[in-house]
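Below: data.tsv (TSV, C-alpha atoms)
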```tsv
chain	number	residue	atom	x	y	z
A	25	MET	CA	-59.12	28.06	59.65
A	26	THR	CA	-60.79	25.36	57.56
A	27	LYS	CA	-64.43	24.80	58.45
A	28	ASP	CA	-66.94	22.14	57.50
A	29	LEU	CA	-69.78	24.17	56.01
A	30	THR	CA	-71.88	21.23	54.81
A	31	LEU	CA	-74.66	21.72	57.38
A	32	ARG	CA	-74.97	25.45	56.73
A	33	TYR	CA	-74.91	25.03	52.97
A	34	THR	CA	-77.43	22.20	53.20
A	35	ALA	CA	-79.82	24.57	54.99
A	36	ILE	CA	-79.40	27.12	52.18
A	37	GLN	CA	-80.04	24.49	49.50
A	38	SER	CA	-83.02	23.10	51.42
A	39	PHE	CA	-84.84	26.41	51.75
A	40	TYR	CA	-84.06	27.31	48.14
A	41	TRP	CA	-85.52	24.08	46.77
A	42	MET	CA	-88.51	24.39	49.09
A	43	GLY	CA	-89.09	27.75	47.42
A	44	PHE	CA	-88.53	26.22	43.98
A	45	ALA	CA	-91.14	23.53	44.62
A	46	THR	CA	-93.61	26.16	45.77
A	47	ILE	CA	-93.10	28.92	43.19
A	48	SER	CA	-92.47	26.80	40.09
A	49	GLY	CA	-94.23	23.55	40.92
A	50	PHE	CA	-97.46	25.13	42.19
A	51	ALA	CA	-97.62	28.08	39.79
A	52	SER	CA	-100.51	26.57	37.84
A	53	VAL	CA	-102.46	25.68	40.98
A	54	PHE	CA	-102.23	29.21	42.38
A	55	LEU	CA	-102.76	31.13	39.15
A	56	LEU	CA	-105.65	28.95	38.01
A	57	ALA	CA	-107.31	29.58	41.37
A	58	MET	CA	-106.77	33.32	40.84
A	59	GLY	CA	-108.62	33.17	37.52
A	60	PHE	CA	-105.76	32.92	34.99
A	61	SER	CA	-106.04	30.85	31.82
A	62	ASN	CA	-103.42	28.29	30.83
A	63	THR	CA	-102.22	30.61	28.07
A	64	ARG	CA	-101.73	33.50	30.49
A	65	ILE	CA	-99.97	31.22	32.96
A	66	GLY	CA	-97.60	30.14	30.20
A	67	PHE	CA	-97.01	33.76	29.23
A	68	ILE	CA	-96.08	34.73	32.79
A	69	MET	CA	-93.68	31.81	33.07
A	70	ALA	CA	-92.15	32.55	29.68
A	71	ILE	CA	-91.54	36.26	30.26
A	72	SER	CA	-90.05	35.71	33.72
A	73	GLY	CA	-87.81	32.95	32.35
A	74	LEU	CA	-86.72	34.99	29.35
A	75	VAL	CA	-85.72	37.97	31.49
A	76	SER	CA	-83.94	35.62	33.89
A	77	ALA	CA	-82.00	34.01	31.02
A	78	ALA	CA	-80.80	37.45	29.95
A	79	VAL	CA	-79.76	38.49	33.46
A	80	GLN	CA	-78.21	35.20	34.64
A	81	PRO	CA	-74.87	35.68	32.81
A	82	ILE	CA	-74.57	39.13	34.39
A	83	ALA	CA	-75.24	37.65	37.82
A	84	ALA	CA	-72.65	34.93	37.16
A	85	THR	CA	-70.10	37.60	36.21
A	86	LEU	CA	-70.76	39.42	39.47
A	87	ALA	CA	-70.39	36.16	41.37
A	88	GLU	CA	-66.97	35.63	39.74
A	89	GLY	CA	-65.84	39.16	40.56
A	90	GLU	CA	-63.14	40.14	42.94
A	91	GLY	CA	-65.31	40.94	45.94
A	92	ARG	CA	-67.53	38.40	47.60
A	93	THR	CA	-69.68	41.17	49.09
A	94	SER	CA	-71.52	41.40	45.75
A	95	LEU	CA	-72.53	37.74	45.88
A	96	LYS	CA	-73.74	38.04	49.46
A	97	SER	CA	-75.64	41.25	48.73
A	98	LEU	CA	-77.32	39.76	45.66
A	99	LEU	CA	-78.55	36.76	47.59
A	100	TYR	CA	-79.75	38.87	50.50
A	101	GLY	CA	-81.59	41.12	48.09
A	102	ILE	CA	-83.24	38.21	46.28
A	103	GLY	CA	-84.22	36.48	49.51
A	104	GLY	CA	-85.74	39.62	50.97
A	105	LEU	CA	-87.59	40.57	47.78
A	106	VAL	CA	-89.16	37.14	47.27
A	107	THR	CA	-90.24	37.11	50.93
A	108	VAL	CA	-92.00	40.44	50.41
A	109	LEU	CA	-93.57	39.22	47.16
A	110	GLY	CA	-94.88	36.13	48.94
A	111	LEU	CA	-96.50	38.28	51.62
A	112	GLY	CA	-98.01	40.51	48.92
A	113	LEU	CA	-99.46	37.51	47.07
A	114	THR	CA	-100.88	36.22	50.35
A	115	ALA	CA	-102.74	39.48	50.85
A	116	LEU	CA	-103.97	39.57	47.24
A	117	SER	CA	-105.22	35.99	47.40
A	118	GLN	CA	-107.36	36.91	50.41
A	119	MET	CA	-108.60	40.25	49.12
A	120	GLY	CA	-109.07	39.28	45.48
A	121	GLY	CA	-106.60	41.80	44.10
A	122	PRO	CA	-106.33	42.82	40.41
A	123	ALA	CA	-105.11	40.11	38.06
A	124	VAL	CA	-102.39	42.35	36.59
A	125	LEU	CA	-100.82	42.87	40.01
A	126	VAL	CA	-101.06	39.17	40.87
A	127	GLY	CA	-99.34	38.31	37.56
A	128	LEU	CA	-96.59	40.87	38.13
A	129	LEU	CA	-95.85	39.68	41.66
A	130	TYR	CA	-95.85	36.02	40.71
A	131	GLY	CA	-93.78	36.66	37.60
A	132	GLY	CA	-91.30	38.59	39.73
A	133	SER	CA	-91.06	35.64	42.11
A	134	LEU	CA	-90.34	33.27	39.20
A	135	PHE	CA	-87.69	35.62	37.79
A	136	LEU	CA	-85.87	35.93	41.12
A	137	LEU	CA	-86.18	32.19	41.75
A	138	HIS	CA	-84.25	31.37	38.55
A	139	LEU	CA	-81.80	34.21	39.09
A	140	ALA	CA	-80.87	32.84	42.51
A	141	GLN	CA	-79.88	29.37	41.29
A	142	PRO	CA	-76.40	30.12	39.87
A	143	LEU	CA	-75.70	32.35	42.88
A	144	ILE	CA	-76.64	29.54	45.29
A	145	ASN	CA	-74.28	27.24	43.39
A	146	ALA	CA	-71.53	29.89	43.42
A	147	THR	CA	-71.85	30.19	47.20
A	148	GLY	CA	-70.88	26.54	47.62
A	149	THR	CA	-68.15	26.44	44.98
A	150	GLU	CA	-66.54	29.63	46.29
A	151	ALA	CA	-66.36	28.11	49.77
A	152	LEU	CA	-64.58	25.08	48.30
A	153	ASN	CA	-62.22	27.32	46.34
A	154	HIS	CA	-61.23	29.04	49.57
A	155	GLY	CA	-60.32	25.79	51.31
A	156	GLN	CA	-63.49	25.10	53.29
A	157	ARG	CA	-64.89	21.58	53.65
A	158	LEU	CA	-68.27	21.14	52.01
A	159	ASN	CA	-70.06	18.09	50.61
A	160	TRP	CA	-71.80	19.70	47.63
A	161	GLY	CA	-73.55	16.54	46.42
A	162	LEU	CA	-74.99	15.78	49.84
A	163	ALA	CA	-76.30	19.32	50.25
A	164	ARG	CA	-77.90	19.27	46.79
A	165	GLY	CA	-79.44	15.88	47.44
A	166	ILE	CA	-81.02	17.02	50.68
A	167	GLY	CA	-82.27	20.04	48.75
A	168	SER	CA	-84.16	17.62	46.49
A	169	ALA	CA	-85.51	15.85	49.57
A	170	SER	CA	-86.77	19.21	50.84
A	171	TYR	CA	-88.42	19.78	47.46
A	172	ALA	CA	-90.18	16.44	47.81
A	173	ALA	CA	-91.31	17.10	51.37
A	174	ILE	CA	-92.75	20.54	50.70
A	175	ALA	CA	-94.45	19.39	47.48
A	176	CYS	CA	-96.23	16.66	49.44
A	177	VAL	CA	-97.19	19.05	52.25
A	178	LEU	CA	-98.45	21.71	49.85
A	179	GLY	CA	-100.46	19.17	47.90
A	180	TYR	CA	-102.28	18.34	51.13
A	181	LEU	CA	-102.65	21.96	52.27
A	182	THR	CA	-104.06	23.22	48.98
A	183	ASP	CA	-106.74	20.54	49.20
A	184	ARG	CA	-107.61	21.41	52.82
A	185	VAL	CA	-106.83	25.12	53.21
A	186	GLY	CA	-106.82	26.48	49.67
A	187	CYS	CA	-104.37	28.28	47.40
A	188	VAL	CA	-103.43	30.83	50.10
A	189	SER	CA	-101.02	28.23	51.48
A	190	ILE	CA	-98.83	28.67	48.37
A	191	PRO	CA	-97.79	32.35	48.80
A	192	VAL	CA	-97.46	31.77	52.56
A	193	MET	CA	-94.94	29.00	51.84
A	194	ILE	CA	-93.13	31.30	49.37
A	195	ALA	CA	-92.59	33.82	52.17
A	196	VAL	CA	-91.59	31.11	54.67
A	197	SER	CA	-89.07	29.40	52.38
A	198	PHE	CA	-87.27	32.54	51.21
A	199	GLY	CA	-87.45	34.11	54.65
A	200	GLY	CA	-85.71	30.98	55.94
A	201	LEU	CA	-83.17	31.17	53.11
A	202	THR	CA	-82.32	34.76	54.03
A	203	LEU	CA	-81.80	33.80	57.67
A	204	CYS	CA	-79.55	30.88	56.70
A	205	LEU	CA	-77.40	33.20	54.59
A	206	THR	CA	-76.52	35.17	57.73
A	207	ALA	CA	-74.89	32.05	59.20
A	208	PHE	CA	-72.81	31.29	56.12
A	209	PRO	CA	-69.26	32.75	56.11
A	210	PHE	CA	-68.93	34.22	52.63
A	211	ALA	CA	-65.33	34.38	51.48
A	212	LYS	CA	-63.98	37.95	51.29
A	213	SER	CA	-60.74	37.33	49.46
A	214	GLY	CA	-60.16	37.95	45.76
A	215	GLY	CA	-61.35	35.84	42.87
A	216	ARG	CA	-59.48	33.31	40.79
A	217	GLY	CA	-57.29	35.84	39.09
A	218	THR	CA	-57.12	36.93	35.48
A	219	GLU	CA	-59.30	34.85	33.18
A	220	GLN	CA	-57.38	33.39	30.24
A	221	GLY	CA	-60.21	31.48	28.62
A	222	ALA	CA	-62.73	32.48	25.96
A	223	THR	CA	-63.85	36.03	26.71
A	224	THR	CA	-66.95	36.29	24.48
A	225	PRO	CA	-69.83	33.92	23.66
A	226	LEU	CA	-68.66	33.72	20.04
A	227	ALA	CA	-65.10	32.83	21.06
A	228	PHE	CA	-66.40	30.30	23.58
A	229	PHE	CA	-68.59	28.42	21.11
A	230	GLN	CA	-65.92	28.53	18.43
A	231	LYS	CA	-63.66	26.83	20.96
A	232	TYR	CA	-66.31	24.26	21.96
A	233	PRO	CA	-68.58	23.79	18.90
A	234	ARG	CA	-69.92	20.39	19.92
A	235	PHE	CA	-70.96	21.82	23.27
A	236	ALA	CA	-73.01	24.45	21.42
A	237	VAL	CA	-74.88	21.64	19.62
A	238	LEU	CA	-75.36	19.79	22.90
A	239	LEU	CA	-77.02	22.89	24.37
A	240	VAL	CA	-79.58	22.83	21.54
A	241	GLY	CA	-80.50	19.28	22.51
A	242	ALA	CA	-80.63	20.27	26.17
A	243	VAL	CA	-83.02	23.13	25.40
A	244	LEU	CA	-85.43	20.66	23.78
A	245	LEU	CA	-85.17	18.24	26.70
A	246	PHE	CA	-85.78	20.96	29.26
A	247	THR	CA	-88.70	22.25	27.21
A	248	GLY	CA	-90.51	18.96	27.64
A	249	HIS	CA	-89.39	18.73	31.26
A	250	THR	CA	-90.80	22.19	31.97
A	251	ILE	CA	-94.20	21.33	30.54
A	252	LEU	CA	-94.39	18.15	32.62
A	253	ASN	CA	-93.56	20.08	35.79
A	254	SER	CA	-95.25	23.43	35.24
A	255	PHE	CA	-98.53	21.93	34.03
A	256	ASN	CA	-98.39	18.86	36.26
A	257	PHE	CA	-101.74	19.78	37.79
A	258	GLN	CA	-103.55	19.69	34.46
A	259	ILE	CA	-101.83	16.41	33.54
A	260	VAL	CA	-102.86	14.79	36.82
A	261	GLN	CA	-106.43	16.01	36.34
A	262	SER	CA	-106.51	14.31	32.92
A	263	LYS	CA	-105.56	11.05	34.66
A	264	GLY	CA	-108.35	11.41	37.23
A	265	GLY	CA	-106.46	13.04	40.13
A	266	GLY	CA	-106.20	16.43	41.84
A	267	SER	CA	-103.75	18.67	43.68
A	268	GLY	CA	-103.07	16.01	46.33
A	269	GLU	CA	-101.96	13.51	43.70
A	270	MET	CA	-99.97	16.27	41.97
A	271	GLY	CA	-98.08	16.98	45.18
A	272	LEU	CA	-97.43	13.27	45.70
A	273	ALA	CA	-96.10	12.89	42.14
A	274	ALA	CA	-93.77	15.85	42.61
A	275	ALA	CA	-92.57	14.44	45.93
A	276	LEU	CA	-91.91	11.01	44.43
A	277	SER	CA	-89.96	12.38	41.46
A	278	ALA	CA	-87.80	14.48	43.78
A	279	CYS	CA	-87.15	11.52	46.09
A	280	TYR	CA	-86.08	9.36	43.15
A	281	GLU	CA	-83.36	11.92	42.34
A	282	LEU	CA	-81.64	11.36	45.70
A	283	PRO	CA	-79.85	8.02	45.10
A	284	THR	CA	-78.34	9.34	41.87
A	285	MET	CA	-77.10	12.54	43.52
A	286	PHE	CA	-75.72	10.77	46.56
A	287	PHE	CA	-73.91	8.01	44.65
A	288	PHE	CA	-72.93	9.66	41.38
A	289	ALA	CA	-69.26	9.90	42.39
A	290	LEU	CA	-69.19	6.09	42.55
A	291	MET	CA	-71.19	5.78	39.32
A	292	ALA	CA	-68.74	8.07	37.48
A	293	LYS	CA	-65.82	5.87	38.50
A	294	ARG	CA	-67.39	2.88	36.76
A	295	ILE	CA	-68.94	4.50	33.68
A	296	ARG	CA	-67.77	7.63	31.85
A	297	CYS	CA	-69.73	10.89	32.25
A	298	ASP	CA	-70.50	11.14	28.53
A	299	THR	CA	-72.30	7.79	28.74
A	300	TRP	CA	-74.32	9.00	31.71
A	301	MET	CA	-75.29	12.14	29.76
A	302	ARG	CA	-76.69	9.98	26.96
A	303	VAL	CA	-78.53	7.78	29.45
A	304	ALA	CA	-80.08	10.88	31.01
A	305	GLY	CA	-81.29	12.12	27.62
A	306	GLY	CA	-82.94	8.78	26.95
A	307	PHE	CA	-84.80	8.83	30.26
A	308	PHE	CA	-86.13	12.35	29.63
A	309	THR	CA	-87.83	10.96	26.52
A	310	LEU	CA	-88.92	7.78	28.28
A	311	LYS	CA	-90.67	9.76	31.03
A	312	ALA	CA	-92.41	12.05	28.53
A	313	ALA	CA	-93.71	9.14	26.46
A	314	ALA	CA	-94.77	7.14	29.52
A	315	THR	CA	-96.66	10.16	30.88
A	316	TRP	CA	-98.51	10.43	27.57
A	317	LEU	CA	-99.48	6.75	27.63
A	318	ALA	CA	-100.28	6.47	31.37
A	319	PRO	CA	-103.98	5.51	31.68
A	320	ASN	CA	-104.56	6.50	35.30
A	321	VAL	CA	-103.05	8.08	38.44
A	322	PRO	CA	-101.37	4.92	39.86
A	323	VAL	CA	-99.44	4.37	36.63
A	324	PHE	CA	-98.61	8.07	36.45
A	325	LEU	CA	-97.19	7.90	39.97
A	326	GLY	CA	-95.21	4.78	39.08
A	327	ILE	CA	-93.42	6.35	36.12
A	328	GLN	CA	-91.98	9.09	38.32
A	329	ILE	CA	-89.13	6.65	38.94
A	330	PHE	CA	-87.76	7.65	35.52
A	331	GLN	CA	-86.73	10.91	37.19
A	332	MET	CA	-83.88	8.97	38.81
A	333	LEU	CA	-81.96	8.60	35.56
A	334	GLY	CA	-83.45	11.64	33.83
A	335	PHE	CA	-83.26	15.03	35.50
A	336	GLY	CA	-81.70	13.58	38.65
A	337	LEU	CA	-78.83	12.22	36.57
A	338	VAL	CA	-78.25	15.21	34.28
A	339	ALA	CA	-78.22	17.60	37.26
A	340	VAL	CA	-74.98	16.04	38.49
A	341	ALA	CA	-73.57	14.42	35.34
A	342	SER	CA	-73.58	17.73	33.45
A	343	VAL	CA	-71.34	19.35	36.07
A	344	HIS	CA	-68.77	16.56	35.83
A	345	TYR	CA	-69.06	16.38	32.04
A	346	ILE	CA	-68.43	20.10	31.53
A	347	ASN	CA	-65.44	20.02	33.86
A	348	ALA	CA	-64.06	17.05	31.93
A	349	ILE	CA	-64.34	18.45	28.39
A	350	MET	CA	-63.33	22.06	29.04
A	351	ASN	CA	-60.20	23.84	30.12
A	352	GLN	CA	-60.31	24.92	33.73
A	353	GLU	CA	-60.56	28.60	32.85
A	354	ASP	CA	-63.68	27.94	30.72
A	355	ALA	CA	-65.55	25.51	32.98
A	356	ILE	CA	-67.41	28.20	34.94
A	357	LYS	CA	-68.71	29.73	31.71
A	358	GLY	CA	-69.78	26.26	30.55
A	359	GLN	CA	-71.77	25.73	33.72
A	360	ALA	CA	-73.36	29.16	33.31
A	361	TYR	CA	-74.39	28.47	29.72
A	362	PHE	CA	-75.91	25.15	30.74
A	363	THR	CA	-77.93	26.93	33.44
A	364	VAL	CA	-79.14	29.47	30.88
A	365	THR	CA	-80.12	26.54	28.65
A	366	MET	CA	-82.39	25.23	31.40
A	367	THR	CA	-84.01	28.65	31.65
A	368	LEU	CA	-84.55	28.87	27.89
A	369	GLY	CA	-86.18	25.45	28.03
A	370	THR	CA	-88.44	26.86	30.74
A	371	VAL	CA	-89.41	29.76	28.47
A	372	LEU	CA	-90.23	27.55	25.48
A	373	GLY	CA	-92.04	25.04	27.65
A	374	ALA	CA	-94.17	27.72	29.26
A	375	LEU	CA	-95.10	29.26	25.90
A	376	MET	CA	-95.82	25.94	24.20
A	377	GLY	CA	-97.52	24.27	27.13
A	378	GLY	CA	-100.02	26.96	28.09
A	379	ALA	CA	-101.17	27.80	24.58
A	380	MET	CA	-101.38	24.16	23.46
A	381	LEU	CA	-103.30	23.10	26.56
A	382	ASP	CA	-105.98	25.68	25.90
A	383	ARG	CA	-106.24	24.84	22.18
A	384	PHE	CA	-105.61	21.10	21.91
A	385	GLY	CA	-105.81	19.51	25.36
A	386	VAL	CA	-103.48	17.44	27.52
A	387	ASP	CA	-103.06	14.41	25.25
A	388	ALA	CA	-101.92	16.50	22.29
A	389	VAL	CA	-99.42	18.35	24.48
A	390	LEU	CA	-97.97	15.11	25.86
A	391	ALA	CA	-97.63	13.66	22.35
A	392	CYS	CA	-95.85	16.82	21.21
A	393	ILE	CA	-93.36	16.91	24.08
A	394	SER	CA	-92.59	13.22	23.58
A	395	ALA	CA	-91.51	14.08	20.03
A	396	VAL	CA	-89.61	17.19	21.19
A	397	SER	CA	-87.82	15.18	23.89
A	398	LEU	CA	-86.88	12.46	21.42
A	399	THR	CA	-85.37	15.06	19.09
A	400	GLY	CA	-83.44	16.56	22.00
A	401	THR	CA	-82.15	13.14	23.02
A	402	LEU	CA	-80.87	12.38	19.51
A	403	ILE	CA	-79.08	15.74	19.30
A	404	LEU	CA	-77.55	15.33	22.76
A	405	CYS	CA	-76.36	11.80	22.03
A	406	ALA	CA	-74.78	12.87	18.73
A	407	SER	CA	-73.01	15.91	20.20
A	408	THR	CA	-71.78	14.44	23.49
A	409	GLN	CA	-68.04	13.78	23.27
A	410	ARG	CA	-66.00	11.13	24.99
A	411	THR	CA	-64.55	12.24	28.33
```
Would you encode the structure as structure tokens?
Amino acid sequence: MTKDLTLRYTAIQSFYWMGFATISGFASVFLLAMGFSNTRIGFIMAISGLVSAAVQPIAATLAEGEGRTSLKSLLYGIGGLVTVLGLGLTALSQMGGPAVLVGLLYGGSLFLLHLAQPLINATGTEALNHGQRLNWGLARGIGSASYAAIACVLGYLTDRVGCVSIPVMIAVSFGGLTLCLTAFPFAKSGGRGTEQGATTPLAFFQKYPRFAVLLVGAVLLFTGHTILNSFNFQIVQSKGGGSGEMGLAAALSACYELPTMFFFALMAKRIRCDTWMRVAGGFFTLKAAATWLAPNVPVFLGIQIFQMLGFGLVAVASVHYINAIMNQEDAIKGQAYFTVTMTLGTVLGALMGGAMLDRFGVDAVLACISAVSLTGTLILCASTQRT
């Protein structure tokens, strides 16, 4: 019987993006409070992202396998593990545990956070493939709204209660995600059948060479995007603000993504997806440059609107673009490679951002990522093909 699973899937997306806002968005706040330097914070983010990038294709392969039990088990395992890690970090933050253990637990949370993303997406697409009704765009948009809400709440709590509120929210968000998974009817039937598309990375990129170039541009764009998000606290401090203003900025940027996600189907009917991809690349660079030039917190908060046609646009336009330029049997691989590209951008951003902040300061970092983002935009615009 066909079911409408939008509400249940929305709950899964909401708790996941609450966890994303907490673990990724407030990593610097928590680790700085625990005595870590910017360089060490960047190292933790980079290692966890690099391991995740290596494991994500394996997880995607399992998600495409014949049995859906593997997908369900993976998500249950991730949800349970991150909940336990959040509780462990809560205890360490109160007792002043060893820095090595804190770094390992937080790095493990970051690794599992990125690993879960393609599996969360696969949960929704598999339901659609098995004939269930599900509004994917609406669920993802409300996930961004949840990101905004929890970022705002955590910004307030860290000012009033302290950094202990961060690992508590990690445990709450992934505990809630695990509970929501129990209410979602995972499909148990077989997969799509025998794959006839490109079977190796080399064969895939020989088949889609321009897409390979596009991914290089995307890596550069996500590198700058990662630095802006992961070291948002230090950027806000340079403008004269604190964790409250950081939480507000994160909430605003997430809210600005919502109109694009909700209405992209209508936008794509009027303007081709390849054009929207180029627009998104331009707004990544525009936000980076505007952040560099922003003289104070009010202006910094105002430029968060560029998120609407930057990350908010590429998050949905890339899905439609990949489906448009690739054969059906290769589209899933294309989506997986694009997800890995985001993770690689996270690794480079973490390595560059932490080390450069310690050595050169915020202004030098913002100038650098403006140049990196511009290079990424030019590569993306040149390699994007007409749909």
| task | Skip region 139-149 of chain A itself and residues of its chain fewer than 5 positions away, then list as a list in words all residues within 8 Å of it, counting only C-alpha atoms. | result | Tyr33, Ile36, Gln37, Ser76, Val79, Gln80, Ala83, Ala84, Ala87, Leu95, Leu99, Ile102, Leu158, Trp160, Phe210, Ala360 and Thr363 of chain A
| said: Restricting the calculation to only C-alpha atoms: of A:Gly167, A:Gly104, A:Pro191, A:Gly179, which residue gets closest to Val126 (chain A)? | reply: A:Pro191
| query | Just how far from CA of Ala379 (chain A) is CA of Gln258 (chain A), in Å to one decimal? | reply |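 Taking CA of Gln258 (chain A) as the start and CA of Ala379 (chain A) as the end point, the length is 13.0 Å.
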| message | Give me, as an MDAnalysis selection string, all polymer residues having an atom no more than 8 Å from Leu239 (chain A), counting all atoms listed in the file and skipping those fewer than 3 positions away in the same chain. | response | chainID A and resid 235:236 242:243 362 365 404
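Nearest-residue note for Gln261 (chain A): choosing from A:Thr46, A:Ser97, A:Ser407, A:Asn320, the minimum distance belongs to A:Asn320, counting all atoms listed in the file.
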| request: For each of A:Leu162, A:Ile174, A:Leu272, A:Ala304, take the minimum atom-to-atom distance to Val338 (chain A), counting only C-alpha atoms, then give the residue where this is smallest. | output: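 Of A:Leu162, A:Ile174, A:Leu272, A:Ala304, the one nearest Val338 (chain A), counting only C-alpha atoms, is A:Ala304.
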Box centre and edge lengths (Å, one decimal), axis-aligned, region 330-335 of chain A plus 3 Å each side, as lines of an AutoDock Vina configuration file:
```
center_x = -84.9
center_y = 11.3
center_z = 36.3
size_x = 11.8
size_y = 13.4
size_z = 11.0
```
| message | Measuring between only C-alpha atoms, which one of A:Leu56, A:Leu310, A:Ala172, A:Ala341 shows the shortest distance to Leu276 (chain A)? | response | A:Ala172
| task | For the point (-85.1, 17.3, 45.6) in the file's frame, write as a list in words all residues with an atom no more than 10 Å away, counting all atoms listed in the file. | result |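 Every polymer residue passing the test: Gln37, Ser38, Trp41, Met42, Phe44, Ala45, Arg164, Gly165, Ile166, Gly167, Ser168, Ala169, Ser170, Tyr171, Ala172, Ala173, Ile174, Ala175, Ala274, Ala275, Leu276, Ser277, Ala278, Cys279, Tyr280, Glu281, Leu282, Met285 and Gly336 of chain A.
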| request: May I have the residues within 6 Å of Phe198 (chain A) as a list in words, using only C-alpha atoms and disregarding those fewer than 2 positions away in the same chain? | output: Gly103, Thr107, Ala195, Val196, Gly200 and Leu201 of chain A
| said: Give me, as a list in words, all polymer residues having an atom no more than 7 Å from Lys263 (chain A), counting only C-alpha atoms and skipping those fewer than 2 positions away in the same chain. | reply: Ile259, Val260, Gln261, Gly265, Pro319, Asn320 and Val321 of chain A
Excluding Ile47 (chain A) and any residue of its chain fewer than 4 positions from it, enumerate the residues within 9 Å of it, using all atoms listed in the file, and give them as a short mmCIF file (atom, residue, chain, number, x, y, z; two decimals) with C-alpha atoms, in the coordinates of the input.
```cif
data_model
loop_
_atom_site.label_atom_id
_atom_site.label_comp_id
_atom_site.auth_asym_id
_atom_site.auth_seq_id
_atom_site.Cartn_x
_atom_site.Cartn_y
_atom_site.Cartn_z
CA MET A 42 -88.51 24.39 49.09
CA GLY A 43 -89.09 27.75 47.42
CA ALA A 51 -97.62 28.08 39.79
CA TYR A 130 -95.85 36.02 40.71
CA SER A 133 -91.06 35.64 42.11
CA LEU A 134 -90.34 33.27 39.20
CA LEU A 137 -86.18 32.19 41.75
CA ILE A 190 -98.83 28.67 48.37
CA PRO A 191 -97.79 32.35 48.80
CA MET A 193 -94.94 29.00 51.84
CA ILE A 194 -93.13 31.30 49.37
#
```
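Candidate residues A:Asn253, A:Leu29, A:Ile65, A:Ser267 were compared for distance to Arg184 (chain A), and the nearest is A:Ser267, using all atoms listed in the file.
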| request: Go ahead and compute the interatomic distance for CA of Ala273 (chain A) and CA of Ser52 (chain A), in Å to one decimal. | output: 15.0 Å
| query | What does the distance between CA of Met301 (chain A) and CA of Leu325 (chain A) come to in Å, to one decimal place? | reply |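 So the two atoms, CA of Met301 (chain A) and CA of Leu325 (chain A), lie 24.5 Å apart.
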| request: Counting all atoms listed in the file, figure out which residue out of A:Leu238, A:Val188, A:Leu125, A:Leu136 gets nearest to Cys405 (chain A). | output: A:Leu238
